[in-house]
Every structure is written in structure tokens, then in C-alpha cells.
$ cat run-v3.cif   # mmCIF, C-alpha atoms
data_query
#
loop_
_atom_site.group_PDB
_atom_site.id
_atom_site.type_symbol
_atom_site.label_atom_id
_atom_site.label_comp_id
_atom_site.auth_asym_id
_atom_site.auth_seq_id
_atom_site.Cartn_x
_atom_site.Cartn_y
_atom_site.Cartn_z
ATOM 1 C CA MET P 581 125.681 159.330 174.133
ATOM 2 C CA ARG P 582 127.634 157.779 177.035
ATOM 3 C CA PRO P 583 127.405 159.481 180.441
ATOM 4 C CA THR P 584 130.627 161.165 181.564
ATOM 5 C CA PRO P 585 132.163 159.251 184.514
ATOM 6 C CA PRO P 586 132.465 161.286 187.718
ATOM 7 C CA ARG P 587 135.766 162.934 188.344
ATOM 8 C CA PRO P 588 137.911 161.431 191.154
ATOM 9 C CA ASP P 589 137.633 164.558 193.286
ATOM 10 C CA VAL P 590 133.793 164.514 193.021
ATOM 11 C CA THR P 591 133.729 160.829 194.010
ATOM 12 C CA ARG P 592 135.916 161.527 197.056
ATOM 13 C CA VAL P 593 133.644 164.351 198.172
ATOM 14 C CA LEU P 594 130.550 162.126 197.814
ATOM 15 C CA VAL P 595 132.097 159.258 199.791
ATOM 16 C CA LEU P 596 133.298 161.645 202.503
ATOM 17 C CA SER P 597 129.779 163.095 202.756
ATOM 18 C CA LEU P 598 128.478 159.571 203.347
ATOM 19 C CA LEU P 599 131.143 158.758 205.917
ATOM 20 C CA LEU P 600 130.755 161.993 207.874
ATOM 21 C CA PRO P 601 127.600 160.906 209.806
ATOM 22 C CA LEU P 602 129.391 157.685 210.795
ATOM 23 C CA THR P 603 132.427 159.198 212.499
ATOM 24 C CA LEU P 604 130.690 158.969 215.865
ATOM 25 C CA LEU P 605 129.215 155.504 215.227
ATOM 26 C CA PRO P 606 132.034 152.905 215.442
ATOM 27 C CA ALA P 607 131.374 149.189 215.240
ATOM 28 C CA ARG P 608 130.303 147.520 218.469
ATOM 29 C CA ALA P 609 131.120 143.982 219.547
ATOM 30 C CA VAL P 610 128.410 142.147 221.470
ATOM 31 C CA ALA P 611 128.823 138.771 223.110
ATOM 32 C CA VAL P 612 126.806 135.951 221.568
ATOM 33 C CA PRO P 613 125.210 133.415 223.938
ATOM 34 C CA ARG P 614 126.937 130.050 223.776
ATOM 35 C CA ALA P 615 123.604 128.396 222.952
ATOM 36 C CA ALA P 616 123.443 130.399 219.742
ATOM 37 C CA ALA P 617 127.055 129.739 218.743
ATOM 38 C CA ASP P 618 127.982 127.632 215.760
ATOM 39 C CA ALA P 619 131.110 126.872 213.816
ATOM 40 C CA GLY P 620 130.898 129.814 211.329
ATOM 41 C CA TRP P 621 129.974 133.431 210.971
ATOM 42 C CA SER P 622 126.905 135.119 209.472
ATOM 43 C CA LEU P 623 125.682 138.465 208.176
ATOM 44 C CA ALA P 624 122.241 140.016 208.812
ATOM 45 C CA PRO P 625 120.471 143.362 209.368
ATOM 46 C CA ALA P 626 120.805 144.541 212.951
ATOM 47 C CA GLY P 627 117.837 144.174 215.251
ATOM 48 C CA GLY P 628 116.745 140.741 214.047
ATOM 49 C CA GLY P 629 113.632 139.704 212.183
ATOM 50 C CA ARG P 630 114.593 141.397 208.909
ATOM 51 C CA PRO P 631 115.590 139.271 205.932
ATOM 52 C CA SER P 632 116.913 142.274 203.993
ATOM 53 C CA PHE P 633 117.578 146.013 204.094
ATOM 54 C CA TYR P 634 115.015 148.486 202.828
ATOM 55 C CA ALA P 635 115.411 152.255 202.552
ATOM 56 C CA GLU P 636 113.007 154.836 201.190
ATOM 57 C CA GLY P 637 113.311 158.558 200.759
ATOM 58 C CA ALA P 638 113.348 161.457 198.366
ATOM 59 C CA PRO P 639 116.078 161.307 195.710
ATOM 60 C CA GLY P 640 119.390 162.360 197.254
ATOM 61 C CA THR P 641 118.410 161.438 200.817
ATOM 62 C CA VAL P 642 121.093 159.717 202.952
ATOM 63 C CA VAL P 643 119.608 156.831 204.972
ATOM 64 C CA ARG P 644 121.328 155.132 207.949
ATOM 65 C CA ASP P 645 121.169 151.475 208.958
ATOM 66 C CA THR P 646 123.266 148.845 210.740
ATOM 67 C CA VAL P 647 124.598 145.463 209.647
ATOM 68 C CA SER P 648 125.514 142.702 212.114
ATOM 69 C CA VAL P 649 128.425 140.247 211.677
ATOM 70 C CA THR P 650 127.979 137.310 214.058
ATOM 71 C CA ASN P 651 130.947 135.038 214.804
ATOM 72 C CA GLY P 652 129.713 131.825 216.407
ATOM 73 C CA GLY P 653 133.083 130.068 216.232
ATOM 74 C CA GLY P 654 135.854 129.711 218.774
ATOM 75 C CA HIS P 655 138.333 131.921 216.919
ATOM 76 C CA PRO P 656 138.252 135.574 215.843
ATOM 77 C CA VAL P 657 137.316 136.370 212.272
ATOM 78 C CA THR P 658 138.079 139.448 210.187
ATOM 79 C CA VAL P 659 135.647 140.440 207.473
ATOM 80 C CA SER P 660 135.600 143.211 204.859
ATOM 81 C CA LEU P 661 132.303 144.929 204.129
ATOM 82 C CA ALA P 662 131.268 146.297 200.733
ATOM 83 C CA ALA P 663 128.148 147.290 198.814
ATOM 84 C CA ASP P 664 127.192 146.143 195.325
ATOM 85 C CA GLY P 665 124.677 148.049 193.167
ATOM 86 C CA VAL P 666 124.227 150.915 195.636
ATOM 87 C CA LEU P 667 126.431 153.686 196.982
ATOM 88 C CA ALA P 668 127.072 152.906 200.667
ATOM 89 C CA ALA P 669 129.729 153.865 203.222
ATOM 90 C CA PHE P 670 130.560 151.825 206.362
ATOM 91 C CA ALA P 671 131.799 153.128 209.709
ATOM 92 C CA ASP P 672 134.311 150.231 209.768
ATOM 93 C CA PRO P 673 134.727 148.606 206.345
ATOM 94 C CA ARG P 674 137.103 146.013 207.896
ATOM 95 C CA VAL P 675 135.926 144.461 211.174
ATOM 96 C CA LEU P 676 137.590 142.041 213.597
ATOM 97 C CA VAL P 677 134.909 139.997 215.363
ATOM 98 C CA PRO P 678 136.024 138.070 218.431
ATOM 99 C CA ALA P 679 134.953 134.464 219.019
ATOM 100 C CA ARG P 680 131.309 134.048 219.988
ATOM 101 C CA SER P 681 130.670 137.751 219.439
ATOM 102 C CA ARG P 682 128.657 139.983 217.172
ATOM 103 C CA ALA P 683 129.827 143.233 215.612
ATOM 104 C CA GLU P 684 127.270 145.851 214.653
ATOM 105 C CA VAL P 685 128.537 148.162 211.911
ATOM 106 C CA PRO P 686 126.580 151.341 211.025
ATOM 107 C CA PHE P 687 126.479 152.408 207.384
ATOM 108 C CA THR P 688 124.804 155.026 205.230
ATOM 109 C CA VAL P 689 123.349 154.710 201.746
ATOM 110 C CA ARG P 690 122.241 157.446 199.397
ATOM 111 C CA VAL P 691 118.838 157.090 197.710
ATOM 112 C CA SER P 692 119.409 157.701 193.994
ATOM 113 C CA GLY P 693 116.352 155.990 192.573
ATOM 114 C CA ASP P 694 114.619 152.635 192.693
ATOM 115 C CA ARG P 695 117.534 150.219 193.006
ATOM 116 C CA THR P 696 118.325 146.760 194.312
ATOM 117 C CA GLY P 697 121.788 145.896 195.620
ATOM 118 C CA THR P 698 123.542 143.868 198.313
ATOM 119 C CA ILE P 699 125.649 144.336 201.436
ATOM 120 C CA THR P 700 128.479 141.778 201.286
ATOM 121 C CA ALA P 701 131.061 140.570 203.844
ATOM 122 C CA ARG P 702 134.178 138.555 202.926
ATOM 123 C CA ASP P 703 136.598 136.844 205.327
ATOM 124 C CA ALA P 704 140.292 136.104 204.867
ATOM 125 C CA ALA P 705 139.536 132.659 203.424
ATOM 126 C CA GLY P 706 137.388 134.172 200.654
ATOM 127 C CA ARG P 707 134.051 133.054 202.082
ATOM 128 C CA THR P 708 131.266 135.580 201.556
ATOM 129 C CA ARG P 709 127.893 136.351 203.032
ATOM 130 C CA SER P 710 125.428 138.860 201.570
ATOM 131 C CA VAL P 711 122.118 140.529 202.425
ATOM 132 C CA PRO P 712 119.809 142.146 199.806
ATOM 133 C CA LEU P 713 119.260 145.899 200.002
ATOM 134 C CA ARG P 714 116.453 147.668 198.204
ATOM 135 C CA LEU P 715 116.171 151.410 197.677
ATOM 136 C CA ARG P 716 112.997 153.188 196.694
ATOM 137 C CA ALA P 717 112.869 156.828 195.708
ATOM 138 C CA GLY P 718 109.696 157.983 197.369
ATOM 139 C CA VAL P 719 107.707 160.729 195.674
ATOM 140 C CA PRO P 720 105.312 163.088 197.451
ATOM 141 C CA ALA P 721 101.615 162.305 197.253
ATOM 142 C CA LEU P 722 100.084 164.583 194.654
ATOM 143 C CA SER P 723 96.503 164.730 193.412
ATOM 144 C CA ALA P 724 96.087 166.036 189.879
ATOM 145 C CA LEU P 725 93.389 165.230 187.338
ATOM 146 C CA THR P 726 91.783 166.615 184.194
ATOM 147 C CA VAL P 727 88.446 166.277 182.396
ATOM 148 C CA GLU P 728 88.754 165.923 178.623
ATOM 149 C CA ARG P 729 86.743 165.197 175.465
ATOM 150 C CA VAL P 730 83.336 166.343 176.763
ATOM 151 C CA VAL P 731 80.656 165.655 174.139
ATOM 152 C CA VAL P 732 76.868 166.193 174.435
ATOM 153 C CA ARG P 733 75.021 163.423 172.634
ATOM 154 C CA ALA P 734 71.356 162.497 172.081
ATOM 155 C CA ASP P 735 70.629 161.208 175.600
ATOM 156 C CA ARG P 736 73.942 161.419 177.471
ATOM 157 C CA ILE P 737 77.148 163.368 178.066
ATOM 158 C CA THR P 738 80.388 161.493 177.412
ATOM 159 C CA TYR P 739 83.753 162.509 178.872
ATOM 160 C CA ASP P 740 87.218 161.268 179.930
ATOM 161 C CA ILE P 741 88.931 161.604 183.322
ATOM 162 C CA VAL P 742 92.747 161.451 183.434
ATOM 163 C CA ASN P 743 94.698 160.919 186.680
ATOM 164 C CA ARG P 744 97.820 163.053 186.297
ATOM 165 C CA GLY P 745 98.961 162.757 189.932
ATOM 166 C CA THR P 746 100.797 160.168 192.021
ATOM 167 C CA THR P 747 97.919 158.742 194.069
ATOM 168 C CA THR P 748 94.938 156.543 193.231
ATOM 169 C CA LEU P 749 91.736 158.579 193.002
ATOM 170 C CA SER P 750 88.015 158.011 193.491
ATOM 171 C CA PRO P 751 86.774 161.367 192.137
ATOM 172 C CA ARG P 752 83.411 163.083 192.546
ATOM 173 C CA LEU P 753 81.414 164.533 189.634
ATOM 174 C CA ALA P 754 79.039 167.515 189.448
ATOM 175 C CA VAL P 755 77.104 168.392 186.255
ATOM 176 C CA ARG P 756 75.467 171.671 185.287
ATOM 177 C CA ALA P 757 73.863 172.837 182.030
ATOM 178 C CA ASP P 758 72.578 176.358 181.369
ATOM 179 C CA GLY P 759 70.114 177.117 178.587
ATOM 180 C CA ILE P 760 68.887 180.357 177.072
ATOM 181 C CA LEU P 761 66.361 180.916 179.875
ATOM 182 C CA GLY P 762 68.475 179.544 182.751
ATOM 183 C CA PRO P 763 69.648 176.208 184.247
ATOM 184 C CA VAL P 764 68.230 173.070 182.659
ATOM 185 C CA LEU P 765 70.420 170.541 184.541
ATOM 186 C CA ASP P 766 72.031 170.807 187.989
ATOM 187 C CA ARG P 767 73.310 167.566 189.592
ATOM 188 C CA ALA P 768 75.012 167.703 192.976
ATOM 189 C CA PRO P 769 78.524 166.159 193.366
ATOM 190 C CA ARG P 770 78.579 162.383 193.791
ATOM 191 C CA THR P 771 81.396 159.827 193.984
ATOM 192 C CA LEU P 772 81.983 157.999 190.720
ATOM 193 C CA PRO P 773 82.217 154.175 190.842
ATOM 194 C CA VAL P 774 85.827 154.145 189.614
ATOM 195 C CA ARG P 775 89.331 153.927 191.133
ATOM 196 C CA LEU P 776 91.774 155.675 188.883
ATOM 197 C CA ALA P 777 95.435 154.684 189.213
ATOM 198 C CA PRO P 778 98.161 157.290 188.565
ATOM 199 C CA GLY P 779 98.711 157.957 184.874
ATOM 200 C CA THR P 780 95.532 156.219 183.697
ATOM 201 C CA ARG P 781 92.482 157.419 181.747
ATOM 202 C CA THR P 782 88.866 156.265 181.865
ATOM 203 C CA SER P 783 85.914 157.066 179.569
ATOM 204 C CA LEU P 784 82.532 157.598 181.222
ATOM 205 C CA ALA P 785 79.008 158.688 180.274
ATOM 206 C CA GLU P 786 76.480 160.767 182.205
ATOM 207 C CA PRO P 787 72.855 159.930 181.262
ATOM 208 C CA TRP P 788 70.581 162.822 180.251
ATOM 209 C CA PRO P 789 67.317 161.352 178.977
ATOM 210 C CA ASP P 790 65.177 164.470 179.666
ATOM 211 C CA ARG P 791 67.278 167.027 177.850
ATOM 212 C CA PRO P 792 65.455 170.026 176.277
ATOM 213 C CA ALA P 793 63.843 169.563 172.874
ATOM 214 C CA LEU P 794 64.584 173.121 171.746
ATOM 215 C CA ASP P 795 67.385 175.078 173.392
ATOM 216 C CA ALA P 796 71.015 176.164 173.241
ATOM 217 C CA VAL P 797 72.916 174.913 176.288
ATOM 218 C CA ASP P 798 76.393 175.166 177.821
ATOM 219 C CA VAL P 799 77.351 172.025 179.767
ATOM 220 C CA ARG P 800 80.041 172.070 182.463
ATOM 221 C CA LEU P 801 81.497 169.055 184.316
ATOM 222 C CA THR P 802 83.417 169.477 187.585
ATOM 223 C CA VAL P 803 85.519 166.578 188.916
ATOM 224 C CA THR P 804 86.957 166.754 192.457
ATOM 225 C CA ALA P 805 89.653 164.587 194.075
ATOM 226 C CA PRO P 806 89.325 163.497 197.751
ATOM 227 C CA ASP P 807 91.777 166.226 198.855
ATOM 228 C CA GLY P 808 89.763 168.953 197.125
ATOM 229 C CA THR P 809 91.763 169.205 193.907
ATOM 230 C CA ARG P 810 89.321 169.867 191.074
ATOM 231 C CA ALA P 811 89.162 170.195 187.320
ATOM 232 C CA THR P 812 86.427 171.478 185.017
ATOM 233 C CA ALA P 813 85.612 171.184 181.338
ATOM 234 C CA GLY P 814 82.571 171.886 179.192
ATOM 235 C CA ALA P 815 80.885 171.767 175.827
ATOM 236 C CA SER P 816 78.051 173.553 174.003
ATOM 237 C CA ALA P 817 75.110 172.030 172.159
ATOM 238 C CA ARG P 818 72.054 173.173 170.203
ATOM 239 C CA PHE P 819 68.863 171.142 170.422
ATOM 240 C CA VAL P 820 66.393 171.473 167.501
ATOM 241 C CA PRO P 821 63.311 169.224 166.979
ATOM 242 C CA TRP P 822 64.014 168.510 163.310
ATOM 243 C CA ALA P 823 60.920 166.308 162.884
ATOM 244 C CA ALA P 824 58.640 169.131 164.005
ATOM 245 C CA VAL P 825 60.515 171.582 161.829
ATOM 246 C CA ALA P 826 60.106 169.257 158.860
ATOM 247 C CA GLY P 827 56.377 168.910 159.626
ATOM 248 C CA CYS P 828 55.901 172.666 159.824
ATOM 249 C CA GLY P 829 57.788 173.062 156.580
ATOM 250 C CA GLY P 830 55.544 170.520 154.885
ATOM 251 C CA ALA P 831 52.417 172.234 156.144
ATOM 252 C CA ALA P 832 53.668 175.600 154.920
ATOM 253 C CA LEU P 833 54.461 174.098 151.532
ATOM 254 C CA ALA P 834 50.998 172.522 151.297
ATOM 255 C CA THR P 835 49.365 175.818 152.224
ATOM 256 C CA ALA P 836 51.358 177.646 149.587
ATOM 257 C CA ALA P 837 50.387 175.020 146.988
ATOM 258 C CA GLY P 838 46.711 175.338 147.927
ATOM 259 C CA VAL P 839 46.769 179.093 147.549
ATOM 260 C CA THR P 840 48.418 178.773 144.161
ATOM 261 C CA TRP P 841 45.864 176.181 142.951
ATOM 262 C CA ALA P 842 42.965 178.357 144.097
ATOM 263 C CA ALA P 843 44.368 181.274 142.166
ATOM 264 C CA VAL P 844 44.683 179.125 139.056
ATOM 265 C CA ARG P 845 41.098 177.905 139.429
ATOM 266 C CA ARG P 846 39.799 181.447 139.773
ATOM 267 C CA ARG P 847 41.565 182.472 136.609
ATOM 268 C CA ARG P 848 40.117 179.483 134.733
ATOM 269 C CA GLY P 849 36.569 180.201 135.932
ATOM 270 C CA HIS P 850 36.339 183.627 134.083
ATOM 271 C CA PRO P 851 36.053 183.835 130.269
ATOM 272 C CA SER P 852 39.027 185.264 128.558
ATOM 273 C CA ARG P 853 38.754 188.737 127.171
ATOM 274 C CA LYS P 854 38.907 189.131 123.361
ATOM 275 C CA CYS P 855 41.533 191.483 122.161
ATOM 276 C CA SER P 856 39.897 194.323 120.127
ATOM 277 C CA ALA P 857 41.512 195.506 116.921
ATOM 278 C CA PRO P 858 42.944 199.005 116.979
ATOM 279 C CA ASP P 859 40.652 201.750 115.593
ATOM 280 C CA THR P 860 41.088 202.519 111.903
ATOM 281 C CA PRO P 861 42.118 206.125 111.366
ATOM 282 C CA THR P 862 39.362 208.228 109.734
ATOM 283 C CA ALA P 863 40.229 209.942 106.497
ATOM 284 C CA VAL P 864 40.409 213.681 106.705
ATOM 285 C CA PRO P 865 38.876 215.494 103.691
ATOM 286 C CA ASP P 866 41.307 217.267 101.460
ATOM 287 C CA ASN P 867 44.094 215.553 103.343
ATOM 288 C CA ARG P 868 46.555 215.437 100.627
ATOM 289 C CA ILE P 869 50.226 216.107 100.595
ATOM 290 C CA ARG P 870 51.107 219.394 99.138
ATOM 291 C CA PRO P 871 54.455 220.979 98.412
ATOM 292 C CA LEU P 872 55.801 223.320 101.049
ATOM 293 C CA ALA P 873 55.521 226.314 98.799
ATOM 294 C CA GLU P 874 51.819 225.771 98.408
ATOM 295 C CA ALA P 875 51.373 225.444 102.170
ATOM 296 C CA GLY P 876 52.794 228.911 102.643
ATOM 297 C CA THR P 877 56.047 227.743 104.178
ATOM 298 C CA THR P 878 59.442 228.879 102.988
ATOM 299 C CA THR P 879 62.839 227.347 103.604
ATOM 300 C CA GLY P 880 66.185 228.888 104.081
ATOM 301 C CA ALA P 881 67.207 231.950 106.024
ATOM 302 C CA PRO P 882 64.716 234.775 106.494
ATOM 303 C CA THR P 883 65.033 237.827 104.323
#
$ encode --input "run-v3.cif" --output "C-alpha cells"
Amino acid sequence: MRPTPPRPDVTRVLVLSLLLPLTLLPARAVAVPRAAADAGWSLAPAGGGRPSFYAEGAPGTVVRDTVSVTNGGGHPVTVSLAADGVLAAFADPRVLVPARSRAEVPFTVRVSGDRTGTITARDAAGRTRSVPLRLRAGVPALSALTVERVVVRADRITYDIVNRGTTTLSPRLAVRADGILGPVLDRAPRTLPVRLAPGTRTSLAEPWPDRPALDAVDVRLTVTAPDGTRATAGASARFVPWAAVAGCGGAALATAAGVTWAAVRRRRGHPSRKCSAPDTPTAVPDNRIRPLAEAGTTTGAPT
């Protein structure tokens, strides 16, 4: 999607806002010593000693500077000033510089990001001179960091530190671990041997060779930037001596086997009982089946 070009009225307002601080700063002509005169003219930042222009500020800031047009010849020269790659406004965009004189022209430039451009002067014959101009959108110094991916391992604690600010950091680390019965690790803050550039991540490890053999712990790491900004993160771990548990389990199993074997041996040491046959019923004399009538029993409804 192409950006919409600014409307003409918006452009005029922006240029006027740049020109407004320059209304009281007209170009000045300064005589050039004859010893420094030559046959041509030149362009340079005012004040001397600067090979280029440099401006820094927050985005949208209007920065002021001055450009010098030096005429070392014996005749006046008229030059037109312009900017390429940056948005600049000159107090006098067209300057007449007398012979052996120097004109100092104030200008303003708006910081709109990290940019590189030029300030250019052109005379009536088409000859040009230019000076580089660099803009840098400065950002406020900000410390911000996080601690991530904390893992408790066999003999160490591993973790990541991420610099989420705009300054290089040398953070400090404090470590604490609390078990079931209280603290089991408490290390005072110390500076880590790292320099973390903005937007970078580093993986580190904190040794812990004397960790508990049997405990449930909560580990917390606290990382602090030089200005006091801090971040914390933690992890939980359970320590169980599995070898000892396996040994106790084996001993319990052996004990149970021994008890079972002893019970078997005791059962084998006693003779088995013989199963006796059930008693044979004794015959009752005159135990014969008789009809109901003979036994004095009647059937049917009573009379």
C-alpha cells in the first residue's frame, strides 16, 4: 500500500513552522582575510572544524544550525541553498556573498528518524558545493529486562536473561530457594559477568551442587539493572533419592519373601491330617415305612 502524499496545505504549514524560528536570524556577511582568499567559493558548517552537520533529538524535534558560504574571489557570487534527503528551511535560501566575504545562513531541520542528507549550494554558473548532514532520532535511555525459562536441574539452575530496554546492561543476580522446612539456598546479589546489549538474550547457569536430597523447593531468581529496575522468575522442583527408595523397596520385598517362605516351611513341617469318613447312620429298629393311615394320620379337611 503506497503512502498518501501530503496535501499542499499541510506541506506549507510544515515549511512555515520551520521558517518561523529563522525570521529573526538573517544571513550575515563577514569579511574574509585576504590571506585566506582564493579564486572560488566554498560551503562548510559555521564555526569551523566540522566536516559535516549532525543533529540529534527526539522524533519531531526542530534543530537549528548555520551554514557558511565563503567567497574568496574578487567578485560577488550568488548561491541558492537547498537540502536533499532531509526537510530543512533556510533563513535566506538565495544569498549574495560579496568578494572576499563569508555569509552565514541559519537553517532549521526537523528530526524525523535516522537519516542522511546533504546541504547544497549552487551558483549562477551551475557549480555546486555540498556538505553531508546526518540526523539521528534519539530515544530515551530505558532499562527493562526479564528472566525466562528457569529450570532446576541435577546440580544447577539454568535461566535466560533478556534485555528489553534501550541501554546495555550488566545485571546483578540474587537466588533464593525455600523448602518444606524453610530456606535451603539464599545467595546475595552479585554482578553477572555479562554485558547485555539492547534486544539480546543470554542463557546462564547457576551452580547448586549441595542441593537437598529429599525436599520440595520453590526457587526464585531476581535480576536487577544498574538503575534499580528488576525482574523475577521462579520454578518448583521435587528432590527424591530414588536409589535409596529402590533399596528400601528391595529390602521390604526380601522381608516379605522371607516371611512367606517361613510360613511355607512351617506348614511342611507338620504331618497332614487324614480326612475321616462321615459316620454311618445307625439303623433304627422297626424303622420301616408305613402308610399314613397306619401311622394314625389322616389327610384332607377335618370333620
$ closest_residue --input "run-v3.cif" --among "P:Leu623, P:Ile741, P:Val657, P:Leu801" --to "Asp766 (chain P)" --atoms "all atoms listed in the file"
P:Leu801
$ resolve_selection --input "run-v3.cif" --expression "the PyMOL selection byres ((chain P and resi 718-729) around 9)" --output "count of residues only"
37
$ residues_around --input "run-v3.cif" --residues "Leu715 (chain P)" --least-positions-apart "6" --cutoff "9 Å" --atoms "all atoms listed in the file" --output "list of chain:residue names"
P:Phe633, P:Tyr634, P:Ala635, P:Glu636, P:Gly637, P:Val666, P:Val689, P:Arg690, P:Val691, P:Ser692, P:Gly693, P:Asp694, P:Arg695, P:Thr696, P:Gly697
$ residues_near_point --input "run-v3.cif" --point "(70.2, 175.5, 185.6)" --cutoff "12 Å" --atoms "only C-alpha atoms" --output "ChimeraX atom specification"
/P:755-768,791-792,797-800
$ resolve_selection --input "run-v3.cif" --expression "the PyMOL selection byres ((chain P and resi 632) around 10)" --output "list of chain:residue names"
P:Ala624, P:Pro625, P:Gly629, P:Arg630, P:Pro631, P:Phe633, P:Tyr634, P:Thr698, P:Ile699, P:Ser710, P:Val711, P:Pro712, P:Leu713, P:Arg714
$ atom_distance --input "run-v3.cif" --atom1 "CA of Thr650 (chain P)" --atom2 "CA of Ala683 (chain P)"
6.4 Å
$ residues_around --input "run-v3.cif" --residues "Arg709 (chain P)" --least-positions-apart "2" --cutoff "7 Å" --atoms "only C-alpha atoms" --output "count of residues only"
5
$ atom_distance --input "run-v3.cif" --atom1 "CA of Asp795 (chain P)" --atom2 "CA of Ala754 (chain P)"
21.2 Å
$ axis_aligned_box --input "run-v3.cif" --around "region 795-807 of chain P" --padding-each-side "5 Å" --output "lines of an AutoDock Vina configuration file"
center_x = 79.6
center_y = 169.8
center_z = 186.0
size_x = 34.4
size_y = 22.7
size_z = 35.6
$ resolve_selection --input "run-v3.cif" --expression "the PyMOL selection byres ((chain P and resi 643) around 6)" --output "ChimeraX atom specification"
/P:642,644,688-689
$ closest_residue --input "run-v3.cif" --among "P:Arg775, P:Arg680, P:Arg770, P:Arg736" --to "Asp790 (chain P)" --atoms "all atoms listed in the file"
P:Arg736
$ atom_distance --input "run-v3.cif" --atom1 "CA of Ala669 (chain P)" --atom2 "CA of Ala705 (chain P)"
23.4 Å
